[in-house]
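**Q** My structure is stored as model.pdb, with PDB, C-alpha atoms.
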MODEL        1
ATOM      1  CA  MET I  20     127.102  -3.950 299.108
ATOM      2  CA  GLU I  21     124.740  -6.704 300.140
ATOM      3  CA  ALA I  22     121.369  -5.988 301.701
ATOM      4  CA  ARG I  23     120.954  -6.805 305.380
ATOM      5  CA  MET I  24     117.617  -8.419 304.696
ATOM      6  CA  ASN I  25     114.751  -8.556 302.261
ATOM      7  CA  TYR I  26     112.112  -6.507 304.074
ATOM      8  CA  ARG I  27     109.491  -7.580 301.540
ATOM      9  CA  LYS I  28     109.880 -11.205 302.612
ATOM     10  CA  ALA I  29     110.528 -10.432 306.278
ATOM     11  CA  ASN I  30     107.268  -8.508 306.648
ATOM     12  CA  PRO I  31     104.963  -8.789 303.611
ATOM     13  CA  GLN I  32     102.169  -6.881 305.375
ATOM     14  CA  ALA I  33     104.372  -3.821 305.832
ATOM     15  CA  PHE I  34     105.389  -4.005 302.176
ATOM     16  CA  GLN I  35     101.740  -4.250 301.095
ATOM     17  CA  ALA I  36     100.859  -1.227 303.232
ATOM     18  CA  MET I  37     103.610   0.753 301.512
ATOM     19  CA  LEU I  38     102.377  -0.355 298.099
ATOM     20  CA  GLN I  39      98.890   0.870 298.994
ATOM     21  CA  LEU I  40     100.298   4.245 299.996
ATOM     22  CA  GLU I  41     102.248   4.391 296.734
ATOM     23  CA  LYS I  42      99.095   3.492 294.804
ATOM     24  CA  TYR I  43      97.221   6.294 296.566
ATOM     25  CA  VAL I  44      99.922   8.829 295.616
ATOM     26  CA  HIS I  45      99.685   7.841 291.954
ATOM     27  CA  GLU I  46      95.889   8.175 292.022
ATOM     28  CA  THR I  47      95.865  11.724 293.449
ATOM     29  CA  GLY I  48      96.007  13.403 290.069
ATOM     30  CA  LEU I  49      99.318  15.108 290.855
ATOM     31  CA  ASP I  50     101.595  15.530 287.852
ATOM     32  CA  LYS I  51     103.643  12.331 287.409
ATOM     33  CA  LYS I  52     106.834  14.245 286.637
ATOM     34  CA  LEU I  53     106.408  16.352 289.770
ATOM     35  CA  ILE I  54     105.985  13.177 291.827
ATOM     36  CA  GLU I  55     109.267  11.857 290.413
ATOM     37  CA  LEU I  56     111.049  15.168 291.086
ATOM     38  CA  ILE I  57     109.814  14.965 294.678
ATOM     39  CA  LYS I  58     111.067  11.388 294.970
ATOM     40  CA  ILE I  59     114.462  12.277 293.554
ATOM     41  CA  ARG I  60     114.896  15.384 295.722
ATOM     42  CA  ALA I  61     113.912  13.630 298.953
ATOM     43  CA  SER I  62     116.182  10.711 298.059
ATOM     44  CA  GLN I  63     119.077  13.133 297.459
ATOM     45  CA  ILE I  64     118.544  14.682 300.875
ATOM     46  CA  ASN I  65     118.273  11.275 302.545
ATOM     47  CA  GLY I  66     121.211   9.790 300.635
ATOM     48  CA  CYS I  67     119.235   6.836 299.300
ATOM     49  CA  ALA I  68     121.178   5.431 296.344
ATOM     50  CA  PHE I  69     118.614   2.702 295.648
ATOM     51  CA  CYS I  70     115.746   5.192 295.316
ATOM     52  CA  LEU I  71     117.846   7.700 293.375
ATOM     53  CA  ASP I  72     118.715   5.020 290.850
ATOM     54  CA  MET I  73     115.082   3.920 290.528
ATOM     55  CA  HIS I  74     113.449   7.332 290.347
ATOM     56  CA  THR I  75     115.898   8.962 287.969
ATOM     57  CA  LYS I  76     115.175   6.076 285.592
ATOM     58  CA  ASP I  77     111.418   6.432 286.183
ATOM     59  CA  ALA I  78     111.637  10.179 285.527
ATOM     60  CA  ARG I  79     113.440   9.599 282.239
ATOM     61  CA  LYS I  80     110.736   7.137 281.177
ATOM     62  CA  LEU I  81     108.186   9.922 281.736
ATOM     63  CA  GLY I  82     110.201  12.207 279.458
ATOM     64  CA  GLU I  83     112.070  14.134 282.122
ATOM     65  CA  THR I  84     115.256  15.690 280.779
ATOM     66  CA  GLU I  85     118.774  14.930 281.943
ATOM     67  CA  GLN I  86     119.291  18.644 282.594
ATOM     68  CA  ARG I  87     116.363  18.889 285.012
ATOM     69  CA  ILE I  88     117.451  15.707 286.799
ATOM     70  CA  TYR I  89     121.072  16.898 287.105
ATOM     71  CA  LEU I  90     120.079  20.350 288.360
ATOM     72  CA  LEU I  91     117.572  19.138 290.927
ATOM     73  CA  SER I  92     119.850  19.518 293.933
ATOM     74  CA  ALA I  93     120.328  23.178 292.903
ATOM     75  CA  TRP I  94     116.736  23.872 291.853
ATOM     76  CA  ARG I  95     116.672  27.296 293.521
ATOM     77  CA  GLU I  96     119.442  28.526 291.229
ATOM     78  CA  SER I  97     118.004  27.026 288.051
ATOM     79  CA  ALA I  98     115.372  28.413 285.706
ATOM     80  CA  VAL I  99     114.313  25.010 284.349
ATOM     81  CA  TYR I 100     111.555  24.403 286.919
ATOM     82  CA  THR I 101     108.084  25.929 286.952
ATOM     83  CA  GLU I 102     106.878  27.984 289.906
ATOM     84  CA  ALA I 103     104.555  25.119 290.886
ATOM     85  CA  GLU I 104     107.464  22.648 290.790
ATOM     86  CA  ARG I 105     109.583  25.029 292.851
ATOM     87  CA  ALA I 106     106.816  25.245 295.442
ATOM     88  CA  GLY I 107     106.595  21.440 295.528
ATOM     89  CA  LEU I 108     110.350  21.099 295.890
ATOM     90  CA  ALA I 109     110.428  23.644 298.725
ATOM     91  CA  LEU I 110     107.728  21.645 300.504
ATOM     92  CA  THR I 111     109.673  18.432 299.854
ATOM     93  CA  GLU I 112     112.734  19.845 301.553
ATOM     94  CA  ALA I 113     110.751  21.273 304.478
ATOM     95  CA  VAL I 114     108.878  18.024 305.148
ATOM     96  CA  THR I 115     111.921  15.783 304.592
ATOM     97  CA  VAL I 116     113.978  17.774 307.082
ATOM     98  CA  ILE I 117     111.020  18.675 309.294
ATOM     99  CA  THR I 118     113.237  19.378 312.330
ATOM    100  CA  ASN I 119     114.766  22.397 310.540
ATOM    101  CA  GLY I 120     111.826  24.599 311.442
ATOM    102  CA  GLY I 121     108.968  22.666 309.875
ATOM    103  CA  VAL I 122     107.021  24.088 306.958
ATOM    104  CA  SER I 123     107.323  27.863 307.078
ATOM    105  CA  ASP I 124     104.447  30.198 306.301
ATOM    106  CA  GLU I 125     106.412  31.344 303.253
ATOM    107  CA  VAL I 126     106.652  27.790 301.862
ATOM    108  CA  PHE I 127     102.976  27.193 302.627
ATOM    109  CA  GLU I 128     101.833  30.420 300.940
ATOM    110  CA  GLN I 129     104.011  29.795 297.895
ATOM    111  CA  LEU I 130     102.549  26.322 297.557
ATOM    112  CA  ARG I 131      98.982  27.538 297.985
ATOM    113  CA  GLU I 132      99.419  29.791 294.937
ATOM    114  CA  HIS I 133      99.570  26.628 292.819
ATOM    115  CA  PHE I 134      97.796  23.876 294.757
ATOM    116  CA  ASP I 135      94.492  23.624 296.622
ATOM    117  CA  GLU I 136      94.113  22.077 300.092
ATOM    118  CA  ASN I 137      93.442  18.598 298.704
ATOM    119  CA  GLN I 138      96.541  18.756 296.521
ATOM    120  CA  TYR I 139      98.569  20.108 299.453
ATOM    121  CA  VAL I 140      97.711  17.023 301.497
ATOM    122  CA  SER I 141      98.423  14.801 298.469
ATOM    123  CA  LEU I 142     101.854  16.411 298.109
ATOM    124  CA  ILE I 143     102.581  15.786 301.790
ATOM    125  CA  MET I 144     101.570  12.154 301.341
ATOM    126  CA  ALA I 145     103.845  11.827 298.286
ATOM    127  CA  ILE I 146     106.729  13.307 300.278
ATOM    128  CA  ASN I 147     106.034  11.086 303.285
ATOM    129  CA  THR I 148     105.826   8.012 301.078
ATOM    130  CA  ILE I 149     109.234   8.503 299.465
ATOM    131  CA  ASN I 150     110.762   9.351 302.836
ATOM    132  CA  CYS I 151     109.411   6.060 304.167
ATOM    133  CA  TRP I 152     110.739   4.123 301.146
ATOM    134  CA  ASN I 153     114.133   5.827 301.657
ATOM    135  CA  ARG I 154     114.217   4.807 305.285
ATOM    136  CA  LEU I 155     113.254   1.223 304.471
ATOM    137  CA  ALA I 156     115.937   0.971 301.789
ATOM    138  CA  ILE I 157     118.686   2.567 303.870
ATOM    139  CA  SER I 158     117.822   0.692 307.081
ATOM    140  CA  THR I 159     117.799  -2.691 305.350
ATOM    141  CA  GLY I 160     120.955  -2.028 303.328
ATOM    142  CA  MET I 161     119.472  -1.853 299.846
ATOM    143  CA  SER I 162     121.797  -0.248 297.311
ATOM    144  CA  ALA I 163     121.695   0.746 293.690
ATOM    145  CA  PRO I 164     122.671  -2.020 291.284
ATOM    146  CA  ALA I 165     126.371  -1.925 290.501
ATOM    147  CA  ILE I 166     127.391  -1.408 286.908
ATOM    148  CA  LEU I 167     130.876  -2.709 286.352
TER     149      LEU I 167
ENDMDL
END
Represent the structure of the file as structure tokens.
**A**
Amino acid sequence: MEARMNYRKANPQAFQAMLQLEKYVHETGLDKKLIELIKIRASQINGCAFCLDMHTKDARKLGETEQRIYLLSAWRESAVYTEAERAGLALTEAVTVITNGGVSDEVFEQLREHFDENQYVSLIMAINTINCWNRLAISTGMSAPAIL
């Protein structure tokens, strides 16, 4: 599949704004593996092959296990994630599919057991950032590199 366009060249200012948002997310102090789990889970929900390819590789580079990557779409039924990660993944799903009732009080309270208000906002920004990258990639026709 060939991309419709190169959005980086078509609008360099938009790309730079996204890079600044990405830089912010990585400077929040959130756990790097959790950030990658968030990126993978949102990309699964959004069906973004390009981002799934990138972030599963990035997660492995950080030492994430194949098992945890493979089980991510079924995280609720798996014991391989911490309670804090589970709270972050629940928030990821709620924010990514915000029209399905928003972020429930239950998700918020679960998250607040592990993260303070500053971290809560940082998590929302991480989730929003990957959702934006997903939408850019899907809308412009980016796809994962083919391995033949």
**Q** Spell out the residues picked by the PyMOL selection byres ((chain I and resi 146) around 10) here, as a list in words.
**A**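 That selection, the PyMOL selection byres ((chain I and resi 146) around 10), comes back as Val44, Ile54, Ile57, Lys58, Arg60, Ala61, Gly107, Leu108, Leu110, Thr111, Glu112, Ala113, Val114, Thr115, Val140, Ser141, Leu142, Ile143, Met144, Ala145, Asn147, Thr148, Ile149, Asn150 and Cys151 of chain I.
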**Q** Of the residues I:Asn119, I:Lys28, I:Leu91, I:Leu49, which is the one nearest to Asn137 (chain I), using all atoms listed in the file?
**A** I:Leu49
**Q** Have a look at I:Ala103, I:Leu56, I:Ala22, I:Ile157 and name the one nearest to Asp77 (chain I); count only C-alpha atoms.
**A** I:Leu56
**Q** Hey, which of I:Arg23, I:Val99, I:Glu104, I:Phe34 ends up closest to Lys51 (chain I)? Count all atoms listed in the file.
**A** I:Glu104
**Q** Residues at most 12 Å from Gln86 (chain I), counting only C-alpha atoms, excluding those fewer than 6 positions away in the same chain, as a PDB file with C-alpha atoms, in the coordinates of the input?
**A**
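Saved file result-v7.pdb follows:
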ATOM      1  CA  THR I  75     115.898   8.962 287.969  1.00  0.00           C
ATOM      2  CA  ALA I  78     111.637  10.179 285.527  1.00  0.00           C
ATOM      3  CA  ARG I  79     113.440   9.599 282.239  1.00  0.00           C
ATOM      4  CA  SER I  92     119.850  19.518 293.933  1.00  0.00           C
ATOM      5  CA  ALA I  93     120.328  23.178 292.903  1.00  0.00           C
ATOM      6  CA  TRP I  94     116.736  23.872 291.853  1.00  0.00           C
ATOM      7  CA  SER I  97     118.004  27.026 288.051  1.00  0.00           C
ATOM      8  CA  ALA I  98     115.372  28.413 285.706  1.00  0.00           C
ATOM      9  CA  VAL I  99     114.313  25.010 284.349  1.00  0.00           C
ATOM     10  CA  TYR I 100     111.555  24.403 286.919  1.00  0.00           C
TER      11      TYR I 100
END
**Q** Just how far from CA of Glu55 (chain I) is CA of Phe127 (chain I), in Å to one decimal?
**A**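 For CA of Phe127 (chain I) relative to CA of Glu55 (chain I), the distance reads 20.6 Å.
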**Q** What is the distance, in Å and to one decimal place, between CA of Ser123 (chain I) and CA of Gln63 (chain I)?
**A**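 These atoms are spaced 21.2 Å apart.
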**Q** Name the residues captured by the PyMOL selection byres ((chain I and resi 24) around 10) when it is applied to the shown file; answer as an MDAnalysis selection string.
**A** chainID I and resid 21:23 25:29 156 158:161
**Q** Between CA of Arg154 (chain I) and CA of Ile117 (chain I), what is the spacing in Å?
**A** 14.8 Å
**Q** In the coordinate frame of the file, compute which residues have an atom within 10 Å of (118.9, 2.7, 293.3) when using only C-alpha atoms, and state them as a VMD selection string.
**A** chain I and resid 62 67 to 76 156 161 to 165
**Q** Taking (105.6, 27.7, 296.1) in the file's coordinates as the center, which residues reach within 7 Å of it, counting all atoms listed in the file, put as a list in words?
**A**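 Within 7 Å of (105.6, 27.7, 296.1), the protein and nucleic acid residues are Glu102, Ala103, Arg105, Ala106, Gly107, Ala109, Val126, Glu128, Gln129, Leu130, Arg131, Glu132 and His133 of chain I.
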**Q** Would you write out those residues with C-alpha atoms, as a PDB file, in the coordinates of the input?
**A**
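The file below, result_20.pdb, is the result:
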ATOM      1  CA  GLU I 102     106.878  27.984 289.906  1.00  0.00           C
ATOM      2  CA  ALA I 103     104.555  25.119 290.886  1.00  0.00           C
ATOM      3  CA  ARG I 105     109.583  25.029 292.851  1.00  0.00           C
ATOM      4  CA  ALA I 106     106.816  25.245 295.442  1.00  0.00           C
ATOM      5  CA  GLY I 107     106.595  21.440 295.528  1.00  0.00           C
ATOM      6  CA  ALA I 109     110.428  23.644 298.725  1.00  0.00           C
ATOM      7  CA  VAL I 126     106.652  27.790 301.862  1.00  0.00           C
ATOM      8  CA  GLU I 128     101.833  30.420 300.940  1.00  0.00           C
ATOM      9  CA  GLN I 129     104.011  29.795 297.895  1.00  0.00           C
ATOM     10  CA  LEU I 130     102.549  26.322 297.557  1.00  0.00           C
ATOM     11  CA  ARG I 131      98.982  27.538 297.985  1.00  0.00           C
ATOM     12  CA  GLU I 132      99.419  29.791 294.937  1.00  0.00           C
ATOM     13  CA  HIS I 133      99.570  26.628 292.819  1.00  0.00           C
TER      14      HIS I 133
END
